[in-house]
$ cat data.txt   # compact mmCIF, C-alpha atoms
# COMPACT_ATOMS: atom_id res chain seq x y z
CA MET A 70 68.42 -27.69 -82.32
CA ILE A 71 64.77 -27.07 -81.42
CA ASP A 72 63.87 -28.59 -78.06
CA GLU A 73 60.32 -27.22 -77.69
CA PRO A 74 57.00 -28.60 -78.97
CA THR A 75 56.08 -27.40 -82.47
CA SER A 76 52.98 -27.41 -84.63
CA PHE A 77 52.65 -27.59 -88.42
CA ASP A 78 49.83 -25.25 -89.37
CA ARG A 79 48.08 -24.06 -92.51
CA LEU A 80 49.71 -20.96 -93.98
CA ALA A 81 48.45 -20.43 -97.55
CA GLY A 82 46.74 -22.90 -99.84
CA GLU A 83 48.45 -26.23 -99.33
CA TRP A 84 51.51 -24.65 -97.74
CA ARG A 85 52.00 -25.17 -94.01
CA ILE A 86 54.35 -23.62 -91.46
CA HIS A 87 56.29 -24.90 -88.46
CA GLN A 88 55.78 -22.85 -85.29
CA LEU A 89 56.67 -23.24 -81.63
CA VAL A 90 53.58 -24.10 -79.60
CA GLY A 91 54.66 -21.78 -76.80
CA GLY A 92 56.65 -19.28 -78.85
CA HIS A 93 56.04 -16.66 -81.51
CA ARG A 94 53.26 -17.53 -83.98
CA PHE A 95 52.33 -15.72 -87.15
CA SER A 96 49.59 -13.11 -86.91
CA ALA A 97 47.14 -10.91 -88.78
CA ASP A 98 49.93 -8.32 -89.11
CA ASP A 99 51.91 -10.81 -91.20
CA LEU A 100 48.90 -11.71 -93.32
CA PHE A 101 48.08 -8.10 -94.15
CA THR A 102 51.70 -7.28 -94.95
CA ALA A 103 51.83 -10.18 -97.39
CA TRP A 104 48.47 -9.27 -98.92
CA VAL A 105 49.43 -5.64 -99.55
CA ALA A 106 52.79 -6.76 -100.93
CA ALA A 107 51.23 -9.25 -103.34
CA GLU A 108 48.57 -6.77 -104.46
CA THR A 109 51.19 -4.04 -104.94
CA ALA A 110 53.75 -6.01 -106.96
CA PRO A 111 52.06 -9.14 -108.38
CA GLU A 112 54.72 -9.56 -111.10
CA ALA A 113 57.70 -9.40 -108.73
CA LEU A 114 60.21 -12.16 -109.39
CA THR A 115 62.87 -11.45 -106.75
CA LEU A 116 61.58 -11.15 -103.18
CA CYS A 117 63.42 -10.50 -99.94
CA ASP A 118 61.88 -10.71 -96.45
CA ILE A 119 64.03 -8.99 -93.81
CA GLY A 120 63.71 -9.95 -90.17
CA ALA A 121 61.79 -12.89 -91.58
CA GLY A 122 61.12 -14.68 -88.29
CA ILE A 123 59.60 -18.07 -89.05
CA GLY A 124 59.04 -17.00 -92.66
CA SER A 125 55.34 -16.22 -92.62
CA VAL A 126 55.34 -12.85 -94.42
CA GLY A 127 57.78 -13.88 -97.13
CA LEU A 128 56.16 -17.24 -97.77
CA MET A 129 52.60 -15.91 -97.87
CA THR A 130 53.74 -13.26 -100.34
CA LEU A 131 55.57 -15.83 -102.45
CA TRP A 132 52.46 -18.05 -102.52
CA ARG A 133 50.66 -15.33 -104.49
CA MET A 134 53.48 -14.86 -107.00
CA ARG A 135 54.40 -16.53 -110.27
CA PRO A 136 55.91 -20.03 -110.02
CA ASP A 137 59.32 -18.69 -111.08
CA ALA A 138 59.47 -16.07 -108.32
CA THR A 139 62.12 -16.61 -105.63
CA LEU A 140 62.52 -15.49 -102.02
CA LEU A 141 65.51 -14.70 -99.81
CA ALA A 142 64.49 -14.74 -96.12
CA ILE A 143 66.92 -13.08 -93.69
CA GLU A 144 66.56 -13.82 -89.97
CA ALA A 145 68.92 -13.29 -87.02
CA GLN A 146 67.40 -15.64 -84.45
CA ALA A 147 68.61 -19.22 -84.81
CA VAL A 148 65.42 -20.94 -83.62
CA SER A 149 63.21 -19.00 -86.05
CA HIS A 150 65.72 -19.58 -88.85
CA GLU A 151 65.66 -23.33 -88.16
CA LEU A 152 61.86 -23.44 -88.14
CA MET A 153 61.79 -21.57 -91.45
CA LYS A 154 64.23 -24.04 -93.01
CA ARG A 155 62.00 -26.93 -91.90
CA THR A 156 58.97 -25.19 -93.40
CA VAL A 157 60.75 -24.65 -96.71
CA ALA A 158 61.88 -28.29 -96.87
CA ASP A 159 58.52 -29.78 -95.90
CA ASN A 160 56.70 -27.71 -98.52
CA GLY A 161 59.19 -28.64 -101.25
CA LEU A 162 60.32 -25.03 -101.74
CA GLU A 163 64.11 -25.46 -101.65
CA GLY A 164 64.36 -24.41 -105.29
CA ARG A 165 62.54 -21.13 -104.67
CA VAL A 166 63.48 -20.07 -101.12
CA THR A 167 66.87 -19.34 -99.58
CA CYS A 168 67.11 -18.88 -95.80
CA ARG A 169 70.00 -16.75 -94.56
CA LEU A 170 70.93 -16.49 -90.88
CA GLY A 171 72.13 -13.01 -89.96
CA ASP A 172 71.29 -9.57 -88.63
CA LEU A 173 69.70 -7.32 -91.25
CA ARG A 174 71.83 -4.42 -89.96
CA ASP A 175 75.10 -6.28 -90.62
CA PRO A 176 76.66 -5.53 -94.04
CA ASP A 177 78.06 -9.07 -94.11
CA THR A 178 74.53 -10.44 -93.99
CA LEU A 179 73.62 -8.46 -97.11
CA ALA A 180 76.83 -9.22 -99.01
CA GLY A 181 76.24 -10.48 -102.52
CA VAL A 182 72.46 -10.24 -102.49
CA GLY A 183 69.99 -8.08 -104.38
CA PRO A 184 68.73 -5.93 -105.80
CA PHE A 185 65.15 -7.09 -105.33
CA ASP A 186 61.79 -6.30 -106.91
CA LEU A 187 60.02 -6.54 -103.56
CA VAL A 188 61.26 -6.25 -99.97
CA THR A 189 58.95 -7.01 -97.05
CA GLY A 190 59.22 -6.71 -93.29
CA SER A 191 57.17 -6.88 -90.11
CA PRO A 192 59.49 -5.37 -87.49
CA PRO A 193 59.13 -5.51 -83.72
CA TYR A 194 57.37 -2.42 -82.44
CA ILE A 195 57.96 -1.99 -78.70
CA PRO A 196 61.02 0.01 -77.58
CA VAL A 197 63.04 -1.68 -74.87
CA GLY A 198 61.92 -0.36 -71.50
CA ARG A 199 58.38 0.51 -72.59
CA GLY A 200 56.79 -2.90 -72.35
CA VAL A 201 56.95 -6.18 -70.49
CA MET A 202 59.69 -8.40 -71.87
CA SER A 203 58.49 -11.93 -72.57
CA PRO A 204 60.52 -14.59 -70.74
CA HIS A 205 60.50 -16.57 -73.99
CA PRO A 206 63.47 -15.27 -76.05
CA GLN A 207 61.83 -15.88 -79.42
CA ARG A 208 58.65 -14.05 -78.46
CA ALA A 209 60.64 -11.24 -76.85
CA ALA A 210 62.68 -10.66 -80.03
CA CYS A 211 59.56 -10.57 -82.19
CA ARG A 212 57.88 -7.87 -80.06
CA MET A 213 60.69 -5.85 -78.50
CA GLU A 214 63.18 -3.81 -80.53
CA LEU A 215 66.18 -5.89 -79.53
CA ARG A 216 67.79 -5.90 -82.99
CA GLY A 217 66.80 -2.57 -84.43
CA THR A 218 63.67 -0.60 -85.22
CA ILE A 219 61.56 0.22 -88.24
CA ALA A 220 64.26 2.76 -89.10
CA ASP A 221 66.77 -0.08 -89.51
CA TYR A 222 64.32 -2.05 -91.63
CA ALA A 223 63.78 0.96 -93.90
CA LEU A 224 67.52 1.60 -94.26
CA THR A 225 68.14 -2.04 -95.13
CA ALA A 226 65.27 -2.08 -97.62
CA ALA A 227 66.64 1.02 -99.32
CA LYS A 228 69.94 -0.81 -99.88
CA LEU A 229 68.27 -3.94 -101.24
CA LEU A 230 65.56 -2.43 -103.42
CA ARG A 231 66.07 -2.06 -107.14
CA PRO A 232 64.85 1.06 -108.97
CA GLY A 233 61.13 0.64 -109.46
CA GLY A 234 60.89 -1.90 -106.64
CA HIS A 235 58.62 -1.77 -103.60
CA PHE A 236 59.21 -1.96 -99.86
CA VAL A 237 56.18 -3.14 -97.87
CA VAL A 238 56.30 -2.96 -94.08
CA CYS A 239 53.87 -3.23 -91.18
CA PHE A 240 53.94 -1.04 -88.08
CA VAL A 241 51.74 0.19 -85.23
CA ALA A 242 49.21 2.69 -86.61
CA ALA A 243 49.43 5.08 -83.65
CA ASP A 244 53.24 5.08 -83.45
CA PRO A 245 54.52 8.27 -85.11
CA ARG A 246 57.91 6.76 -86.03
CA GLY A 247 56.76 4.86 -89.11
CA GLU A 248 56.52 7.49 -91.82
CA PRO A 249 59.61 9.48 -90.68
CA ALA A 250 61.67 6.27 -90.68
CA ILE A 251 60.79 5.65 -94.32
CA ALA A 252 61.65 9.23 -95.27
CA ALA A 253 64.94 9.15 -93.34
CA ALA A 254 66.00 6.10 -95.38
CA GLY A 255 65.58 8.11 -98.58
CA LEU A 256 62.41 6.29 -99.58
CA HIS A 257 59.07 7.81 -100.51
CA LEU A 258 55.79 6.67 -98.97
CA ARG A 259 53.38 5.66 -101.74
CA VAL A 260 50.63 3.79 -99.85
CA ARG A 261 49.35 3.78 -96.29
CA GLN A 262 46.76 1.12 -95.50
CA ASP A 263 45.42 1.27 -91.95
CA ILE A 264 43.86 -1.89 -90.51
CA VAL A 265 40.87 -1.73 -88.14
CA PHE A 266 40.26 -4.90 -86.20
CA ARG A 267 36.67 -3.96 -85.34
CA GLY A 268 34.45 -1.28 -86.84
CA GLY A 269 34.19 1.90 -84.83
CA GLN A 270 37.61 1.44 -83.26
CA PRO A 271 40.85 3.18 -84.30
CA PRO A 272 43.27 1.28 -86.52
CA LEU A 273 45.79 -0.89 -84.71
CA VAL A 274 48.33 -1.46 -87.45
CA SER A 275 49.30 0.17 -90.73
CA VAL A 276 50.95 -1.30 -93.81
CA PHE A 277 53.23 1.10 -95.68
CA VAL A 278 54.43 0.83 -99.28
CA ALA A 279 57.55 2.82 -100.21
CA THR A 280 59.73 3.23 -103.28
CA HIS A 281 62.90 5.01 -104.30
CA GLU A 282 60.81 7.06 -106.69
CA GLU A 283 58.80 10.10 -105.69
CA GLY A 284 55.08 10.16 -106.29
CA PRO A 285 51.71 10.73 -104.65
CA CYS A 286 50.80 8.81 -101.50
CA ASP A 287 47.56 6.84 -101.55
CA ARG A 288 46.20 7.08 -98.00
CA ARG A 289 43.56 4.44 -98.31
CA ARG A 290 40.32 4.05 -96.46
CA PRO A 291 40.91 1.88 -93.36
CA PHE A 292 40.38 -1.83 -93.92
CA GLU A 293 37.95 -3.36 -91.40
CA ILE A 294 38.40 -6.99 -90.33
CA ARG A 295 35.16 -7.07 -88.35
CA GLY A 296 32.18 -4.74 -88.54
CA PRO A 297 30.56 -3.03 -85.55
CA ASP A 298 28.46 -6.20 -85.14
CA ASN A 299 31.71 -8.20 -84.68
CA ALA A 300 31.04 -10.22 -87.86
CA TRP A 301 33.81 -10.71 -90.43
CA THR A 302 33.46 -8.14 -93.21
CA GLU A 303 33.05 -9.12 -96.87
CA ALA A 304 36.37 -7.40 -97.60
CA TYR A 305 38.08 -9.60 -95.04
CA HIS A 306 36.52 -12.74 -96.49
CA ASP A 307 37.73 -11.70 -99.95
CA MET A 308 41.23 -10.99 -98.66
CA ARG A 309 41.49 -14.33 -96.89
CA GLU A 310 40.32 -16.16 -100.00
CA ALA A 311 42.87 -14.31 -102.15
CA MET A 312 45.61 -15.34 -99.70
CA GLY A 313 44.64 -19.01 -99.71
CA THR A 314 43.12 -19.09 -96.23
CA ARG A 315 39.39 -18.93 -96.93
CA LEU A 316 37.23 -18.79 -93.82
CA ALA A 317 34.79 -21.64 -93.41
CA PHE A 318 31.61 -19.56 -93.05
CA ARG A 319 30.47 -16.40 -94.76
CA HIS A 320 27.63 -14.33 -93.30
$ encode --input "data.txt" --output "structure tokens"
Amino acid sequence: MIDEPTSFDRLAGEWRIHQLVGGHRFSADDLFTAWVAAETAPEALTLCDIGAGIGSVGLMTLWRMRPDATLLAIEAQAVSHELMKRTVADNGLEGRVTCRLGDLRDPDTLAGVGPFDLVTGSPPYIPVGRGVMSPHPQRAACRMELRGTIADYALTAAKLLRPGGHFVVCFVAADPRGEPAIAAAGLHLRVRQDIVFRGGQPPLVSVFVATHEEGPCDRRRPFEIRGPDNAWTEAYHDMREAMGTRLAFRH
């Protein structure tokens, strides 16, 4: 039961998403995770989004995939799970998307699923005790590490990923825990894409791509959303268009 006001907003192309007006809403972090995932594994047929929240990362990734690609979205919080189910139904995606309620760290949640071509995640990034806890439980769970950390996401992805598959995850650029968490799960970092929200500033988030297989790591030039003049960059316009959310005006 959802007893708060919701909105039904554009997500990708003609797809729309249900969100709480006063709760957690999808962000640029989700968009960039989906973009890197879709660019990395465009032929993926079996997708899994862990800690899926309201479904934004998984659904935006799926939008870029072939029509026969499918998605399993795993989420522990009942309100986000319910919103995701509404989104799937109202976009006519029941044949392609399965929503599973459960904690990604619980073996029972993962029973009978996988392996997958592509696993995505956008974990919470603030350790409990280091930030202000939102009074809204949904928002708190999406920001604070109440149900695990990036290390748990990486361990779960390693279990779900098929040989040759890709794990794509977003994390805070300045937090040193990201790359070690991937290595500790037995995965190998293959791409690091830092995201700069305004030119001249340090990156705020990073998107990592990891595989079971060893290989060189492509540490890419930081992607700038806005230039030093605060105008959207051409690269950002191109990315938004590729993800079905073209901006109205181009400088």
$ residues_around --input "data.txt" --residues "stretch 95-97 of chain A" --least-positions-apart "4" --cutoff "8 Å" --atoms "all atoms listed in the file" --output "count of residues only"
3
$ closest_residue --input "data.txt" --among "A:Thr130, A:Gly122, A:Tyr194, A:Phe240" --to "A:Gly171" --atoms "all atoms listed in the file"
A:Gly122
$ closest_residue --input "data.txt" --among "A:Ile119, A:Val90, A:Ile71, A:Cys286" --to "A:Lys154" --atoms "all atoms listed in the file"
A:Ile71
$ residues_around --input "data.txt" --residues "A:Met308" --least-positions-apart "4" --cutoff "8 Å" --atoms "all atoms listed in the file" --output "number ranges by chain"
A: 104, 304, 312
$ closest_atom_pairs --input "data.txt" --of "stretch 123-150 of chain A" --to "stretch 158-170 of chain A" --cutoff "9 Å" --atoms "all atoms listed in the file" --output "JSON lines"
{"residue": "A:Gly124", "atom": "CA", "partner": "A:Cys168", "partner_atom": "CA", "distance": 8.9}
{"residue": "A:Leu128", "atom": "CA", "partner": "A:Val166", "partner_atom": "CA", "distance": 8.5}
{"residue": "A:Pro136", "atom": "CA", "partner": "A:Arg165", "partner_atom": "CA", "distance": 8.6}
{"residue": "A:Asp137", "atom": "CA", "partner": "A:Arg165", "partner_atom": "CA", "distance": 7.6}
{"residue": "A:Ala138", "atom": "CA", "partner": "A:Arg165", "partner_atom": "CA", "distance": 7.0}
{"residue": "A:Thr139", "atom": "CA", "partner": "A:Arg165", "partner_atom": "CA", "distance": 4.6}
{"residue": "A:Leu140", "atom": "CA", "partner": "A:Val166", "partner_atom": "CA", "distance": 4.8}
{"residue": "A:Leu141", "atom": "CA", "partner": "A:Thr167", "partner_atom": "CA", "distance": 4.8}
{"residue": "A:Ala142", "atom": "CA", "partner": "A:Cys168", "partner_atom": "CA", "distance": 4.9}
{"residue": "A:Ile143", "atom": "CA", "partner": "A:Arg169", "partner_atom": "CA", "distance": 4.9}
{"residue": "A:Glu144", "atom": "CA", "partner": "A:Leu170", "partner_atom": "CA", "distance": 5.2}
{"residue": "A:Ala145", "atom": "CA", "partner": "A:Leu170", "partner_atom": "CA", "distance": 5.4}
{"residue": "A:Gln146", "atom": "CA", "partner": "A:Leu170", "partner_atom": "CA", "distance": 7.4}
{"residue": "A:Ala147", "atom": "CA", "partner": "A:Leu170", "partner_atom": "CA", "distance": 7.0}
{"residue": "A:His150", "atom": "CA", "partner": "A:Leu170", "partner_atom": "CA", "distance": 6.4}
$ residues_around --input "data.txt" --residues "A:Ile86" --least-positions-apart "6" --cutoff "6 Å" --atoms "all atoms listed in the file" --output "CSV table (one decimal) with C-alpha atoms, keeping the file's coordinate frame"
chain,number,residue,atom,x,y,z
A,77,PHE,CA,52.6,-27.6,-88.4
A,78,ASP,CA,49.8,-25.2,-89.4
A,80,LEU,CA,49.7,-21.0,-94.0
A,156,THR,CA,59.0,-25.2,-93.4
$ decode --input "data.txt" --residues "stretch 145-169 of chain A" --atoms "N, CA and C atoms" --output "tab-separated table (two decimals), in the first residue's frame"
chain	number	residue	atom	x	y	z
A	145	ALA	N	14.71	-4.53	-1.86
A	145	ALA	CA	14.31	-4.96	-0.52
A	145	ALA	C	13.21	-4.11	0.10
A	146	GLN	N	13.07	-2.88	-0.33
A	146	GLN	CA	12.12	-1.97	0.31
A	146	GLN	C	10.75	-2.08	-0.37
A	147	ALA	N	9.73	-2.37	0.42
A	147	ALA	CA	8.42	-2.68	-0.13
A	147	ALA	C	7.83	-1.52	-0.94
A	148	VAL	N	7.98	-0.28	-0.47
A	148	VAL	CA	7.37	0.83	-1.18
A	148	VAL	C	8.02	1.03	-2.55
A	149	SER	N	9.34	0.91	-2.63
A	149	SER	CA	10.01	1.04	-3.92
A	149	SER	C	9.65	-0.12	-4.84
A	150	HIS	N	9.57	-1.31	-4.28
A	150	HIS	CA	9.17	-2.49	-5.05
A	150	HIS	C	7.78	-2.30	-5.64
A	151	GLU	N	6.85	-1.77	-4.84
A	151	GLU	CA	5.49	-1.56	-5.32
A	151	GLU	C	5.44	-0.51	-6.42
A	152	LEU	N	6.20	0.57	-6.26
A	152	LEU	CA	6.26	1.60	-7.30
A	152	LEU	C	6.81	1.01	-8.60
A	153	MET	N	7.83	0.19	-8.49
A	153	MET	CA	8.43	-0.43	-9.67
A	153	MET	C	7.42	-1.34	-10.37
A	154	LYS	N	6.66	-2.11	-9.62
A	154	LYS	CA	5.65	-2.97	-10.22
A	154	LYS	C	4.60	-2.14	-10.97
A	155	ARG	N	4.20	-1.01	-10.41
A	155	ARG	CA	3.25	-0.13	-11.09
A	155	ARG	C	3.85	0.40	-12.40
A	156	THR	N	5.12	0.78	-12.33
A	156	THR	CA	5.79	1.29	-13.53
A	156	THR	C	5.83	0.23	-14.62
A	157	VAL	N	6.20	-0.98	-14.25
A	157	VAL	CA	6.27	-2.07	-15.22
A	157	VAL	C	4.90	-2.31	-15.86
A	158	ALA	N	3.84	-2.35	-15.05
A	158	ALA	CA	2.50	-2.60	-15.55
A	158	ALA	C	2.03	-1.47	-16.47
A	159	ASP	N	2.26	-0.24	-16.06
A	159	ASP	CA	1.73	0.89	-16.82
A	159	ASP	C	2.51	1.18	-18.09
A	160	ASN	N	3.69	0.57	-18.23
A	160	ASN	CA	4.44	0.66	-19.48
A	160	ASN	C	4.31	-0.60	-20.33
A	161	GLY	N	3.48	-1.54	-19.88
A	161	GLY	CA	3.25	-2.77	-20.64
A	161	GLY	C	4.48	-3.66	-20.73
A	162	LEU	N	5.26	-3.72	-19.65
A	162	LEU	CA	6.53	-4.45	-19.68
A	162	LEU	C	6.50	-5.76	-18.90
A	163	GLU	N	5.31	-6.25	-18.55
A	163	GLU	CA	5.23	-7.46	-17.72
A	163	GLU	C	5.92	-8.66	-18.38
A	164	GLY	N	5.95	-8.71	-19.69
A	164	GLY	CA	6.58	-9.82	-20.38
A	164	GLY	C	8.09	-9.76	-20.41
A	165	ARG	N	8.65	-8.60	-20.02
A	165	ARG	CA	10.11	-8.43	-20.10
A	165	ARG	C	10.76	-8.19	-18.74
A	166	VAL	N	9.97	-7.78	-17.75
A	166	VAL	CA	10.54	-7.38	-16.46
A	166	VAL	C	9.90	-8.18	-15.33
A	167	THR	N	10.74	-8.73	-14.47
A	167	THR	CA	10.29	-9.41	-13.26
A	167	THR	C	10.80	-8.62	-12.06
A	168	CYS	N	9.92	-8.30	-11.13
A	168	CYS	CA	10.28	-7.58	-9.91
A	168	CYS	C	10.28	-8.55	-8.75
A	169	ARG	N	11.41	-8.62	-8.05
A	169	ARG	CA	11.53	-9.55	-6.92
A	169	ARG	C	11.82	-8.76	-5.66
